[in-house]
>>> print(open('structure-v7.txt').read())   # compact mmCIF, C-alpha atoms and all ligand atoms
# COMPACT_ATOMS: atom_id res chain seq x y z
CA MET A 1 29.25 90.15 52.88
CA ASN A 2 32.39 90.14 50.72
CA GLN A 3 32.49 93.90 51.08
CA TYR A 4 34.04 93.29 54.50
CA LEU A 5 36.76 90.99 53.16
CA ALA A 6 37.61 93.62 50.52
CA ASP A 7 37.54 96.50 53.02
CA SER A 8 41.06 97.78 53.78
CA ARG A 9 40.16 98.04 57.48
CA PHE A 10 40.19 94.23 57.59
CA THR A 11 43.31 93.47 55.52
CA GLY A 12 45.45 90.64 56.85
CA LEU A 13 42.50 88.82 58.45
CA GLU A 14 41.36 85.49 57.02
CA PRO A 15 37.89 84.00 57.54
CA PHE A 16 37.63 81.19 60.11
CA PRO A 17 38.04 77.88 58.22
CA SER A 18 35.11 76.36 60.12
CA ARG A 19 32.21 78.32 61.53
CA LEU A 20 32.56 79.87 64.97
CA TRP A 21 29.22 79.40 66.70
CA LEU A 22 27.27 81.56 69.10
CA SER A 23 26.73 78.61 71.44
CA SER A 24 26.58 75.07 70.08
CA PRO A 25 26.06 71.77 71.90
CA THR A 26 29.20 70.30 73.50
CA MET A 27 29.06 66.53 73.78
CA HIS A 28 31.50 64.63 75.98
CA GLY A 29 30.82 60.95 75.21
CA ASP A 30 28.93 60.03 78.39
CA GLU A 31 25.71 61.00 76.60
CA GLN A 32 26.20 58.11 74.16
CA ARG A 33 26.45 55.61 77.01
CA TRP A 34 23.13 56.61 78.58
CA VAL A 35 21.34 56.83 75.21
CA ASP A 36 22.70 53.38 74.33
CA ASP A 37 21.56 52.07 77.72
CA ALA A 38 18.04 53.28 77.01
CA ILE A 39 17.99 51.59 73.60
CA ARG A 40 19.67 48.36 74.78
CA THR A 41 17.17 47.97 77.65
CA ASN A 42 14.25 49.06 75.42
CA TRP A 43 13.31 51.94 77.75
CA VAL A 44 13.02 54.47 74.92
CA SER A 45 9.71 56.14 75.82
CA THR A 46 8.72 58.57 78.57
CA VAL A 47 9.58 56.28 81.48
CA GLY A 48 13.03 55.04 82.48
CA ALA A 49 16.20 55.24 84.52
CA ASN A 50 17.61 58.30 82.69
CA ILE A 51 14.51 60.35 83.46
CA ASN A 52 14.55 59.33 87.12
CA GLU A 53 18.25 60.06 87.38
CA VAL A 54 18.21 63.52 85.73
CA GLU A 55 15.31 64.56 87.96
CA LYS A 56 17.24 63.44 91.03
CA LEU A 57 20.57 64.98 89.95
CA LEU A 58 19.14 68.35 88.92
CA ALA A 59 16.95 68.67 92.02
CA ALA A 60 20.02 68.01 94.18
CA TYR A 61 22.25 70.39 92.17
CA ILE A 62 19.76 73.25 92.24
CA GLY A 63 18.48 72.63 95.73
CA VAL A 64 14.79 71.91 95.22
CA ARG A 65 12.77 68.92 96.39
CA TYR A 66 11.22 68.07 93.03
CA ALA A 67 12.23 68.33 89.39
CA VAL A 68 9.86 67.19 86.63
CA ALA A 69 11.53 66.43 83.29
CA LEU A 70 9.57 67.77 80.28
CA SER A 71 9.89 67.97 76.52
CA ALA A 72 10.94 71.65 76.54
CA GLY A 73 11.49 74.67 78.71
CA THR A 74 8.45 76.18 76.98
CA ALA A 75 6.35 73.21 78.18
CA ALA A 76 7.60 73.80 81.73
CA LEU A 77 6.64 77.47 81.46
CA HIS A 78 3.22 76.58 80.09
CA LEU A 79 2.43 74.24 82.97
CA ALA A 80 3.82 76.80 85.43
CA MET A 81 1.31 79.35 84.05
CA LYS A 82 -1.47 76.81 84.49
CA LEU A 83 -0.50 76.13 88.09
CA ALA A 84 -0.30 79.85 88.84
CA GLY A 85 -3.65 80.49 87.13
CA GLU A 86 -5.39 77.74 89.06
CA ARG A 87 -3.94 78.93 92.34
CA LEU A 88 -5.12 82.47 91.65
CA CYS A 89 -8.62 81.24 90.71
CA GLY A 90 -8.67 78.98 93.73
CA GLN A 91 -10.01 76.10 91.67
CA PRO A 92 -9.00 73.67 88.94
CA HIS A 93 -9.71 74.67 85.38
CA ALA A 94 -11.37 72.07 83.19
CA GLY A 95 -10.31 73.66 79.93
CA HIS A 96 -8.03 76.30 78.48
CA GLY A 97 -7.44 79.70 79.92
CA ALA A 98 -6.30 79.39 83.53
CA LEU A 99 -5.12 83.01 83.20
CA ALA A 100 -8.15 84.22 81.21
CA GLY A 101 -8.91 87.86 81.89
CA ARG A 102 -5.75 88.39 83.94
CA ARG A 103 -2.96 90.85 83.34
CA VAL A 104 0.46 89.28 83.84
CA PHE A 105 3.64 91.34 84.27
CA VAL A 106 6.41 89.89 82.09
CA SER A 107 10.07 90.61 81.32
CA ASP A 108 10.21 92.68 78.14
CA THR A 109 13.71 91.92 76.89
CA THR A 110 13.67 88.14 76.55
CA PHE A 111 13.03 85.23 74.22
CA ALA A 112 9.38 84.94 73.12
CA ALA A 113 9.09 81.61 74.97
CA THR A 114 8.99 83.51 78.28
CA VAL A 115 5.82 85.28 77.18
CA ASN A 116 3.89 83.00 74.82
CA PRO A 117 2.83 80.56 77.57
CA VAL A 118 1.00 83.44 79.28
CA ALA A 119 -1.02 83.83 76.09
CA TYR A 120 -1.56 80.04 75.82
CA GLU A 121 -3.52 80.33 79.07
CA GLY A 122 -5.44 83.41 77.99
CA GLY A 123 -3.48 85.93 80.08
CA GLU A 124 -2.69 89.44 78.88
CA PRO A 125 1.07 90.10 79.01
CA VAL A 126 2.01 93.57 80.27
CA PHE A 127 5.66 94.24 79.47
CA ILE A 128 7.96 95.58 82.15
CA ASP A 129 10.98 97.56 81.01
CA THR A 130 14.59 96.50 81.50
CA GLU A 131 17.29 98.01 83.76
CA TYR A 132 20.92 98.71 82.80
CA ASP A 133 22.60 96.96 85.76
CA THR A 134 21.72 93.35 84.81
CA TRP A 135 19.59 93.78 81.63
CA ASN A 136 16.67 92.17 83.46
CA MET A 137 13.23 93.30 84.65
CA ASP A 138 13.48 96.77 86.22
CA PRO A 139 12.15 96.66 89.80
CA CYS A 140 11.18 100.37 89.54
CA ALA A 141 9.16 99.74 86.38
CA LEU A 142 7.53 96.77 88.14
CA GLU A 143 6.63 99.01 91.08
CA LYS A 144 5.11 101.47 88.58
CA ALA A 145 3.14 98.67 86.91
CA PHE A 146 1.56 97.71 90.23
CA GLU A 147 0.56 101.36 90.71
CA LEU A 148 -1.17 101.32 87.32
CA TYR A 149 -2.65 97.80 87.60
CA PRO A 150 -2.89 97.01 91.33
CA ASP A 151 -5.05 93.92 90.82
CA THR A 152 -2.26 92.01 89.01
CA ARG A 153 -1.17 88.83 90.82
CA LEU A 154 1.42 87.19 88.56
CA VAL A 155 4.93 88.16 87.45
CA VAL A 156 7.02 86.20 84.94
CA LEU A 157 10.69 87.00 84.84
CA ALA A 158 13.73 85.70 82.98
CA HIS A 159 17.41 85.89 83.90
CA LEU A 160 18.84 87.20 80.63
CA TYR A 161 21.90 85.48 79.14
CA GLY A 162 22.55 83.75 82.47
CA THR A 163 22.69 86.89 84.62
CA PRO A 164 20.43 86.85 87.71
CA ALA A 165 17.81 89.61 87.99
CA LYS A 166 17.46 91.93 91.01
CA MET A 167 15.52 89.32 92.93
CA ASP A 168 15.38 90.94 96.39
CA GLU A 169 13.67 94.04 95.03
CA ILE A 170 11.39 92.09 92.72
CA ARG A 171 10.39 89.61 95.40
CA ALA A 172 9.70 92.37 97.93
CA THR A 173 7.43 94.16 95.45
CA CYS A 174 5.62 90.92 94.55
CA LYS A 175 5.15 90.09 98.21
CA ALA A 176 3.72 93.54 98.92
CA HIS A 177 1.15 92.98 96.16
CA SER A 178 0.48 89.28 96.91
CA ALA A 179 1.75 88.36 93.44
CA LEU A 180 3.17 84.98 92.47
CA ILE A 181 6.41 84.64 90.48
CA VAL A 182 7.14 82.33 87.57
CA GLU A 183 10.91 82.18 87.22
CA ASP A 184 12.25 81.52 83.71
CA ALA A 185 15.76 80.23 84.43
CA ALA A 186 16.09 78.71 80.94
CA GLU A 187 19.28 80.66 80.24
CA SER A 188 20.72 80.76 83.75
CA LEU A 189 21.14 77.14 84.89
CA GLY A 190 23.91 77.11 87.49
CA ALA A 191 23.85 80.88 88.14
CA THR A 192 23.36 82.01 91.74
CA TYR A 193 21.85 85.03 93.49
CA LYS A 194 23.07 85.59 97.06
CA GLY A 195 24.28 82.01 97.08
CA GLN A 196 20.97 80.56 95.92
CA GLN A 197 20.57 78.87 92.55
CA THR A 198 18.30 80.49 89.95
CA GLY A 199 15.45 78.04 89.52
CA THR A 200 14.65 78.25 93.23
CA LEU A 201 13.75 81.93 93.43
CA GLY A 202 10.16 81.93 92.16
CA ASP A 203 6.94 80.21 93.16
CA TYR A 204 7.22 78.18 89.94
CA ASN A 205 10.59 77.62 88.30
CA CYS A 206 11.62 76.46 84.84
CA ILE A 207 14.86 75.49 83.09
CA SER A 208 15.68 74.41 79.51
CA PHE A 209 17.96 71.88 77.79
CA ASN A 210 17.50 73.41 74.33
CA GLY A 211 20.41 72.84 71.93
CA ASN A 212 22.25 76.09 72.58
CA LYS A 213 21.81 76.30 76.37
CA ILE A 214 24.67 75.79 78.83
CA ILE A 215 23.96 72.04 78.91
CA THR A 216 21.61 70.35 76.48
CA GLY A 217 19.55 67.24 75.90
CA SER A 218 19.19 68.30 72.23
CA SER A 219 15.85 69.50 73.59
CA GLY A 220 14.01 69.29 76.89
CA GLY A 221 13.21 71.27 79.99
CA MET A 222 12.26 70.95 83.64
CA PHE A 223 9.80 72.27 86.15
CA LEU A 224 11.36 72.81 89.60
CA THR A 225 9.52 73.11 92.90
CA ASP A 226 9.47 72.29 96.61
CA SER A 227 5.77 71.48 96.42
CA LYS A 228 4.93 67.80 96.03
CA GLU A 229 1.41 68.71 95.01
CA ASP A 230 2.63 70.99 92.18
CA ALA A 231 5.20 68.43 91.00
CA ASP A 232 2.54 65.71 90.91
CA LYS A 233 0.17 67.94 88.96
CA VAL A 234 2.78 68.86 86.37
CA ARG A 235 3.77 65.21 85.97
CA LYS A 236 0.12 64.25 85.49
CA TRP A 237 -0.70 67.08 83.05
CA SER A 238 2.46 66.34 81.04
CA THR A 239 1.37 62.73 80.48
CA GLN A 240 -2.16 63.43 79.16
CA SER A 241 -3.82 63.80 82.59
CA ARG A 242 -4.70 60.17 83.16
CA GLU A 243 -6.65 59.48 86.32
CA ALA A 244 -5.96 56.42 88.51
CA ALA A 245 -8.29 53.94 86.81
CA PRO A 246 -7.95 50.70 84.83
CA TRP A 247 -8.85 52.54 81.61
CA TYR A 248 -8.01 55.97 80.20
CA GLN A 249 -10.05 58.15 82.53
CA HIS A 250 -9.83 61.96 82.19
CA GLU A 251 -11.06 64.76 84.41
CA GLU A 252 -8.65 67.44 83.19
CA LEU A 253 -7.08 68.68 79.98
CA GLY A 254 -3.86 66.82 79.28
CA TYR A 255 -0.63 67.50 77.39
CA ASN A 256 2.06 65.38 75.79
CA TYR A 257 4.93 67.21 77.46
CA ARG A 258 6.99 64.50 79.17
CA MET A 259 10.70 64.12 78.42
CA SER A 260 11.72 60.94 76.61
CA ASN A 261 14.20 58.58 78.25
CA ILE A 262 16.51 58.99 75.23
CA ILE A 263 16.64 62.77 75.59
CA ALA A 264 17.13 62.25 79.34
CA GLY A 265 20.16 60.11 78.47
CA VAL A 266 21.77 63.09 76.74
CA VAL A 267 20.94 65.36 79.67
CA ARG A 268 22.32 62.74 82.09
CA GLY A 269 25.60 62.68 80.20
CA GLN A 270 25.81 66.50 80.29
CA ILE A 271 25.09 67.13 83.97
CA PRO A 272 28.61 66.20 85.18
CA TYR A 273 29.98 68.90 82.83
CA LEU A 274 27.75 71.78 83.87
CA ASP A 275 30.37 73.35 86.15
CA GLU A 276 33.06 72.90 83.50
CA HIS A 277 30.87 74.63 80.89
CA ILE A 278 30.23 77.51 83.28
CA ALA A 279 33.98 77.90 83.92
CA GLN A 280 34.66 77.93 80.17
CA LYS A 281 31.92 80.50 79.53
CA LYS A 282 33.28 82.65 82.34
CA ALA A 283 36.79 82.52 80.84
CA ILE A 284 35.32 83.58 77.47
CA TYR A 285 33.47 86.50 79.10
CA GLU A 286 36.62 87.65 80.89
CA ARG A 287 38.79 87.37 77.78
CA TYR A 288 36.32 89.58 75.91
CA ARG A 289 36.18 92.07 78.77
CA GLU A 290 39.95 92.31 78.82
CA GLY A 291 40.37 92.35 75.03
CA LEU A 292 37.71 95.01 74.43
CA ARG A 293 38.74 97.20 77.36
CA ASP A 294 40.07 100.12 75.32
CA LEU A 295 37.10 100.25 72.92
CA PRO A 296 34.01 102.43 73.55
CA VAL A 297 31.99 99.37 74.64
CA SER A 298 31.02 97.53 77.81
CA MET A 299 30.11 93.89 78.50
CA ASN A 300 26.68 92.64 79.67
CA PRO A 301 26.85 93.68 83.32
CA TYR A 302 26.02 91.82 86.52
CA ASP A 303 25.84 92.50 90.24
CA GLU A 304 29.32 91.33 91.25
CA GLU A 305 28.49 91.61 94.94
CA ASN A 306 25.32 89.53 95.00
CA SER A 307 25.28 87.30 91.96
CA VAL A 308 27.34 84.78 90.03
CA PRO A 309 26.10 84.42 86.43
CA ASN A 310 26.63 81.25 84.40
CA PHE A 311 28.03 83.51 81.62
CA TRP A 312 25.96 81.64 79.02
CA LEU A 313 26.38 84.37 76.38
CA SER A 314 28.92 87.17 76.30
CA CYS A 315 27.39 90.40 74.99
CA LEU A 316 28.62 93.88 74.38
CA LEU A 317 26.99 97.29 74.46
CA ILE A 318 28.37 100.15 72.37
CA ASN A 319 28.63 103.51 74.14
CA PRO A 320 26.00 105.97 72.82
CA GLU A 321 28.64 108.40 71.49
CA ALA A 322 30.36 105.58 69.56
CA MET A 323 27.21 104.49 67.70
CA CYS A 324 27.19 105.17 63.96
CA PRO A 325 23.74 105.75 62.37
CA GLN A 326 21.75 102.49 62.23
CA VAL A 327 18.10 101.87 61.36
CA ARG A 328 16.11 98.66 61.60
CA SER A 329 12.78 97.87 59.98
CA ASP A 330 10.81 94.73 60.90
CA SER A 331 13.08 92.65 58.67
CA GLU A 332 16.15 94.63 57.61
CA ALA A 333 18.97 96.70 59.05
CA LEU A 334 21.03 99.50 57.51
CA TYR A 335 23.90 101.57 58.84
CA ILE A 336 26.41 104.17 57.71
CA HIS A 337 29.97 103.66 58.90
CA GLU A 338 31.75 106.56 60.56
CA PRO A 339 35.40 106.48 61.64
CA GLY A 340 35.81 105.67 65.34
CA LYS A 341 32.23 104.41 65.52
CA SER A 342 30.34 101.23 64.82
CA CYS A 343 26.99 99.54 65.49
CA PRO A 344 25.63 96.02 66.11
CA THR A 345 24.64 95.65 62.44
CA GLU A 346 28.18 96.35 61.24
CA ILE A 347 29.81 94.10 63.82
CA LEU A 348 27.36 91.22 63.19
CA GLU A 349 27.85 91.50 59.42
CA ALA A 350 31.64 91.68 59.76
CA LEU A 351 31.65 88.62 62.04
CA ALA A 352 29.45 86.74 59.58
CA ALA A 353 31.79 87.68 56.70
CA PHE A 354 34.61 86.06 58.67
CA ASN A 355 32.47 82.98 59.36
CA ALA A 356 31.60 83.74 62.98
CA GLU A 357 28.09 83.78 64.45
CA GLY A 358 26.89 86.63 66.65
CA ARG A 359 23.29 87.61 67.33
CA PRO A 360 21.30 90.74 68.04
CA ILE A 361 20.05 91.19 71.62
CA TRP A 362 16.54 89.74 72.08
CA LYS A 363 14.24 92.24 70.44
CA PRO A 364 11.97 93.53 73.24
CA MET A 365 8.53 91.97 73.33
CA HIS A 366 6.72 95.31 73.31
CA LEU A 367 8.27 95.99 69.88
CA GLN A 368 7.12 92.65 68.44
CA PRO A 369 4.21 92.90 66.00
CA ILE A 370 2.38 90.10 67.84
CA TYR A 371 2.48 92.05 71.13
CA ARG A 372 2.52 95.64 69.90
CA SER A 373 -0.92 96.44 71.30
CA HIS A 374 -0.03 95.34 74.85
CA PRO A 375 0.87 97.77 77.61
CA PHE A 376 4.57 98.51 78.16
CA ILE A 377 5.60 99.99 81.48
CA THR A 378 8.84 101.89 82.08
CA ALA A 379 10.14 103.31 85.35
CA SER A 380 8.52 106.62 84.49
CA GLY A 381 5.14 105.15 83.59
CA ASN A 382 3.39 104.05 80.44
CA GLY A 383 6.11 103.58 77.81
CA ARG A 384 3.58 103.80 75.01
CA ALA A 385 2.21 107.18 76.06
CA GLY A 386 4.60 109.08 73.78
CA THR A 387 6.14 107.64 70.69
CA ASN A 388 7.54 104.28 69.68
CA ALA A 389 10.48 105.91 67.93
CA TYR A 390 13.97 105.26 69.28
CA ILE A 391 15.38 108.37 70.86
CA PRO A 392 19.10 108.02 71.65
CA GLY A 393 19.91 108.85 75.24
CA ALA A 394 16.27 108.89 76.32
CA SER A 395 15.85 107.18 79.68
CA ALA A 396 12.51 105.59 78.78
CA ASP A 397 12.52 102.29 76.92
CA ILE A 398 15.79 100.87 78.14
CA GLY A 399 15.03 97.57 76.38
CA ALA A 400 14.94 99.28 72.98
CA ASP A 401 18.17 101.09 73.80
CA ILE A 402 19.99 97.84 74.68
CA PHE A 403 18.53 96.19 71.57
CA ASN A 404 19.85 99.06 69.45
CA ARG A 405 23.33 99.27 70.94
CA GLY A 406 23.99 95.66 72.01
CA LEU A 407 24.83 92.29 70.50
CA CYS A 408 25.66 88.73 71.54
CA LEU A 409 29.20 87.63 70.70
CA PRO A 410 30.38 84.18 69.64
CA SER A 411 30.33 82.39 73.03
CA ASP A 412 30.91 78.77 72.11
CA ASN A 413 32.89 76.92 74.76
CA LYS A 414 34.84 75.10 72.06
CA MET A 415 36.24 78.39 70.74
CA THR A 416 40.03 78.62 71.30
CA PRO A 417 41.68 81.69 72.85
CA SER A 418 43.27 82.50 69.48
CA ASP A 419 39.87 82.23 67.73
CA GLN A 420 38.52 84.60 70.32
CA ASP A 421 41.42 87.00 69.87
CA LYS A 422 40.55 87.16 66.18
CA VAL A 423 36.91 87.94 67.01
CA ILE A 424 38.17 90.76 69.23
CA GLU A 425 40.41 92.00 66.39
CA ILE A 426 37.47 92.01 63.94
CA ILE A 427 35.42 94.07 66.40
CA ARG A 428 38.36 96.42 66.93
CA ARG A 429 38.68 96.98 63.15
CA CYS A 430 34.95 97.80 62.93
CA PHE A 431 35.66 100.92 64.98
CA ARG A 432 38.42 102.15 62.66
C1 LIG A 501 15.48 78.83 75.58
C2 LIG A 501 14.54 79.65 76.33
C3 LIG A 501 13.24 79.21 76.64
C4 LIG A 501 12.60 78.01 76.03
O1 LIG A 501 13.20 76.81 76.24
P1 LIG A 501 12.93 75.63 75.20
O2 LIG A 501 13.53 74.46 75.92
O3 LIG A 501 13.63 75.96 73.93
O4 LIG A 501 11.46 75.48 75.02
C5 LIG A 501 12.45 80.00 77.45
N1 LIG A 501 12.88 81.17 77.91
C6 LIG A 501 14.10 81.65 77.62
C7 LIG A 501 14.52 82.95 78.19
C8 LIG A 501 14.97 80.92 76.80
O5 LIG A 501 16.15 81.43 76.47
>>> encode(input="structure-v7.txt", output="structure tokens", more="lines below")
Ligand SMILES: *Cc1c(COP(=O)(O)O)cnc(C)c1O
Amino acid sequence: MNQYLADSRFTGLEPFPSRLWLSSPTMHGDEQRWVDDAIRTNWVSTVGANINEVEKLLAAYIGVRYAVALSAGTAALHLAMKLAGERLCGQPHAGHGALAGRRVFVSDTTFAATVNPVAYEGGEPVFIDTEYDTWNMDPCALEKAFELYPDTRLVVLAHLYGTPAKMDEIRATCKAHSALIVEDAAESLGATYKGQQTGTLGDYNCISFNGNKIITGSSGGMFLTDSKEDADKVRKWSTQSREAAPWYQHEELGYNYRMSNIIAGVVRGQIPYLDEHIAQKKAIYERYREGLRDLPVSMNPYDEENSVPNFWLSCLLINPEAMCPQVRSDSEALYIHEPGKSCPTEILEALAAFNAEGRPIWKPMHLQPIYRSHPFITASGNGRAGTNAYIPGASADIGADIFNRGLCLPSDNKMTPSDQDKVIEIIRRCFR
């Protein structure tokens, strides 16, 4: 990494004295009060006032009737898959595999936690390519997938980096094919699409309070719904599926997925600051957009007419003609610098050398060894029909293109404007 500090392109720049994070938790003090309350009153388990309160506050904020607090966003997604699977079967499932034997259309460019819960329930993920306008599931590729697999009845989609997907198109296509939607709003809490909060746009909706999300409980997640029946089921499954009986009576498989009242105390302390965090993230995004304006790059885009992102992470995409040669194996990256050009590997390494944390774009699921044998559908058809090699400028495999040319920038809301200006300067020098 010291090669960057010694490189004459970076002379005059000093490393950040303390690490600049991608997106770290931001505590405000209220969290301590609610955690202390839980401990003082001895309500430290999976029942208590903090849990009740965060469920009430989040349901009201997002505009759903019911919110069920869980141990993680992944747990919420898992139980959402179970609900969807049972509804599609038309009957409860005693054991594993509510999605057994079913293809499920899933966002391709996302965190693995969007997809793994499909596999937990025995479903076969079919990956739907990404579009350039919002970096989310491409409605045209989804349309194509229904042509190829018309019997599919479930779609799982994420709103990447806090930017809402093209929901009107996706919902219309799902409706036409009688398919249910699981909405993964883990990254997009507080973002809206046509005035409606993400987390209300699917048949089953999930959010996360993981440590680097826009607000955090240190961990945790929620299932959101207007259906009392679904909320009750998720609550029951998440607490080991006890039946109403004087002893431990079980008719269904259970899970230990409920949020603890201590974690809920942290979430409770964070909720009043959600809007403030969004405003800070938006200011960061706009400062980057302004500061990088004259470079051959663009920011992660959104539909300015119809959506308001929560700006969780600021990302940039290098123009194709400004990409220097870069290759990535399954575990390593190499590049060759060329004047006037750069690449995500160079920028990420330079940022790290100056003690700042960036991150590659989520590596598309269809390129992951665990899912390499699964179908991948692009707008023009089966993305695996040709080759898996990256072909610059090719329209197919948009996810791989964004992965190759994009990166996530330090987006911590505690970063000062002058810290951020230095990040911008480091990026600028990469292109020299
Ligand atoms: C963070 C995240 C999750 C998982 O949430 P956890 O609370 O960490 O389990 C799921 N999907 C996406 C897109 C995420 O970013």
>>> residues_near_point(input="structure-v7.txt", point="(15.2, 77.7, 87.7)", cutoff="10 Å", atoms="only C-alpha atoms", output="ChimeraX atom specification")
/A:62,64,67,158-159,182-191,197-202,204-208,222-225
>>> atom_distance(input="structure-v7.txt", atom1="CA of Cys408 (chain A)", atom2="CA of Ser342 (chain A)")
14.9 Å
>>> atom_distance(input="structure-v7.txt", atom1="CA of Ile370 (chain A)", atom2="CA of Val327 (chain A)")
20.7 Å
>>> closest_residue(input="structure-v7.txt", among="A:Leu180, A:Ala352, A:Ala6, A:Val115", to="ligand LIG 501 (chain A)", atoms="all atoms listed in the file")
A:Val115
>>> closest_residue(input="structure-v7.txt", among="A:Ala38, A:Ala353, A:Ile361, A:Val47", to="ligand LIG 501 (chain A)", atoms="only C-alpha atoms and all ligand atoms")
A:Ile361
>>> atom_distance(input="structure-v7.txt", atom1="CA of Met365 (chain A)", atom2="CA of Phe111 (chain A)")
8.2 Å
>>> closest_residue(input="structure-v7.txt", among="A:Arg40, A:Lys213, A:His28, A:Arg287", to="ligand LIG 501 (chain A)", atoms="all atoms listed in the file")
A:Lys213
>>> build_atoms(input="structure-v7.txt", residues="region 315-333 of chain A", atoms="N, CA and C atoms", output="mmCIF file, keeping the file's coordinate frame")
data_model
loop_
_atom_site.group_PDB
_atom_site.id
_atom_site.type_symbol
_atom_site.label_atom_id
_atom_site.label_comp_id
_atom_site.auth_asym_id
_atom_site.auth_seq_id
_atom_site.Cartn_x
_atom_site.Cartn_y
_atom_site.Cartn_z
ATOM 1 N N CYS A 315 27.999 89.361 75.835
ATOM 2 C CA CYS A 315 27.390 90.400 74.990
ATOM 3 C C CYS A 315 28.168 91.685 75.151
ATOM 4 N N LEU A 316 28.045 92.552 74.164
ATOM 5 C CA LEU A 316 28.620 93.880 74.380
ATOM 6 C C LEU A 316 27.606 94.957 74.039
ATOM 7 N N LEU A 317 27.847 96.117 74.640
ATOM 8 C CA LEU A 317 26.990 97.290 74.460
ATOM 9 C C LEU A 317 27.895 98.428 74.021
ATOM 10 N N ILE A 318 27.563 99.054 72.894
ATOM 11 C CA ILE A 318 28.370 100.150 72.370
ATOM 12 C C ILE A 318 27.959 101.452 73.069
ATOM 13 N N ASN A 319 28.945 102.232 73.502
ATOM 14 C CA ASN A 319 28.630 103.510 74.140
ATOM 15 C C ASN A 319 27.819 104.386 73.185
ATOM 16 N N PRO A 320 26.865 105.166 73.709
ATOM 17 C CA PRO A 320 26.000 105.970 72.820
ATOM 18 C C PRO A 320 26.796 106.854 71.858
ATOM 19 N N GLU A 321 27.889 107.471 72.354
ATOM 20 C CA GLU A 321 28.640 108.400 71.490
ATOM 21 C C GLU A 321 29.446 107.674 70.420
ATOM 22 N N ALA A 322 29.577 106.342 70.546
ATOM 23 C CA ALA A 322 30.360 105.580 69.560
ATOM 24 C C ALA A 322 29.457 104.817 68.594
ATOM 25 N N MET A 323 28.147 105.132 68.621
ATOM 26 C CA MET A 323 27.210 104.490 67.700
ATOM 27 C C MET A 323 27.166 105.241 66.375
ATOM 28 N N CYS A 324 27.412 104.551 65.268
ATOM 29 C CA CYS A 324 27.190 105.170 63.960
ATOM 30 C C CYS A 324 25.688 105.064 63.643
ATOM 31 N N PRO A 325 25.174 105.832 62.669
ATOM 32 C CA PRO A 325 23.740 105.750 62.370
ATOM 33 C C PRO A 325 23.333 104.343 61.946
ATOM 34 N N GLN A 326 22.252 103.838 62.528
ATOM 35 C CA GLN A 326 21.750 102.490 62.230
ATOM 36 C C GLN A 326 20.227 102.539 62.300
ATOM 37 N N VAL A 327 19.569 101.970 61.296
ATOM 38 C CA VAL A 327 18.100 101.870 61.360
ATOM 39 C C VAL A 327 17.687 100.422 61.107
ATOM 40 N N ARG A 328 16.624 100.021 61.786
ATOM 41 C CA ARG A 328 16.110 98.660 61.600
ATOM 42 C C ARG A 328 14.621 98.727 61.305
ATOM 43 N N SER A 329 14.207 98.039 60.236
ATOM 44 C CA SER A 329 12.780 97.870 59.980
ATOM 45 C C SER A 329 12.375 96.551 60.650
ATOM 46 N N ASP A 330 11.207 96.011 60.325
ATOM 47 C CA ASP A 330 10.810 94.730 60.900
ATOM 48 C C ASP A 330 11.626 93.570 60.342
ATOM 49 N N SER A 331 12.341 93.776 59.232
ATOM 50 C CA SER A 331 13.080 92.650 58.670
ATOM 51 C C SER A 331 14.477 92.985 58.152
ATOM 52 N N GLU A 332 14.854 94.248 58.169
ATOM 53 C CA GLU A 332 16.150 94.630 57.610
ATOM 54 C C GLU A 332 16.853 95.660 58.483
ATOM 55 N N ALA A 333 18.193 95.701 58.323
ATOM 56 C CA ALA A 333 18.970 96.700 59.050
ATOM 57 C C ALA A 333 19.917 97.416 58.093
#
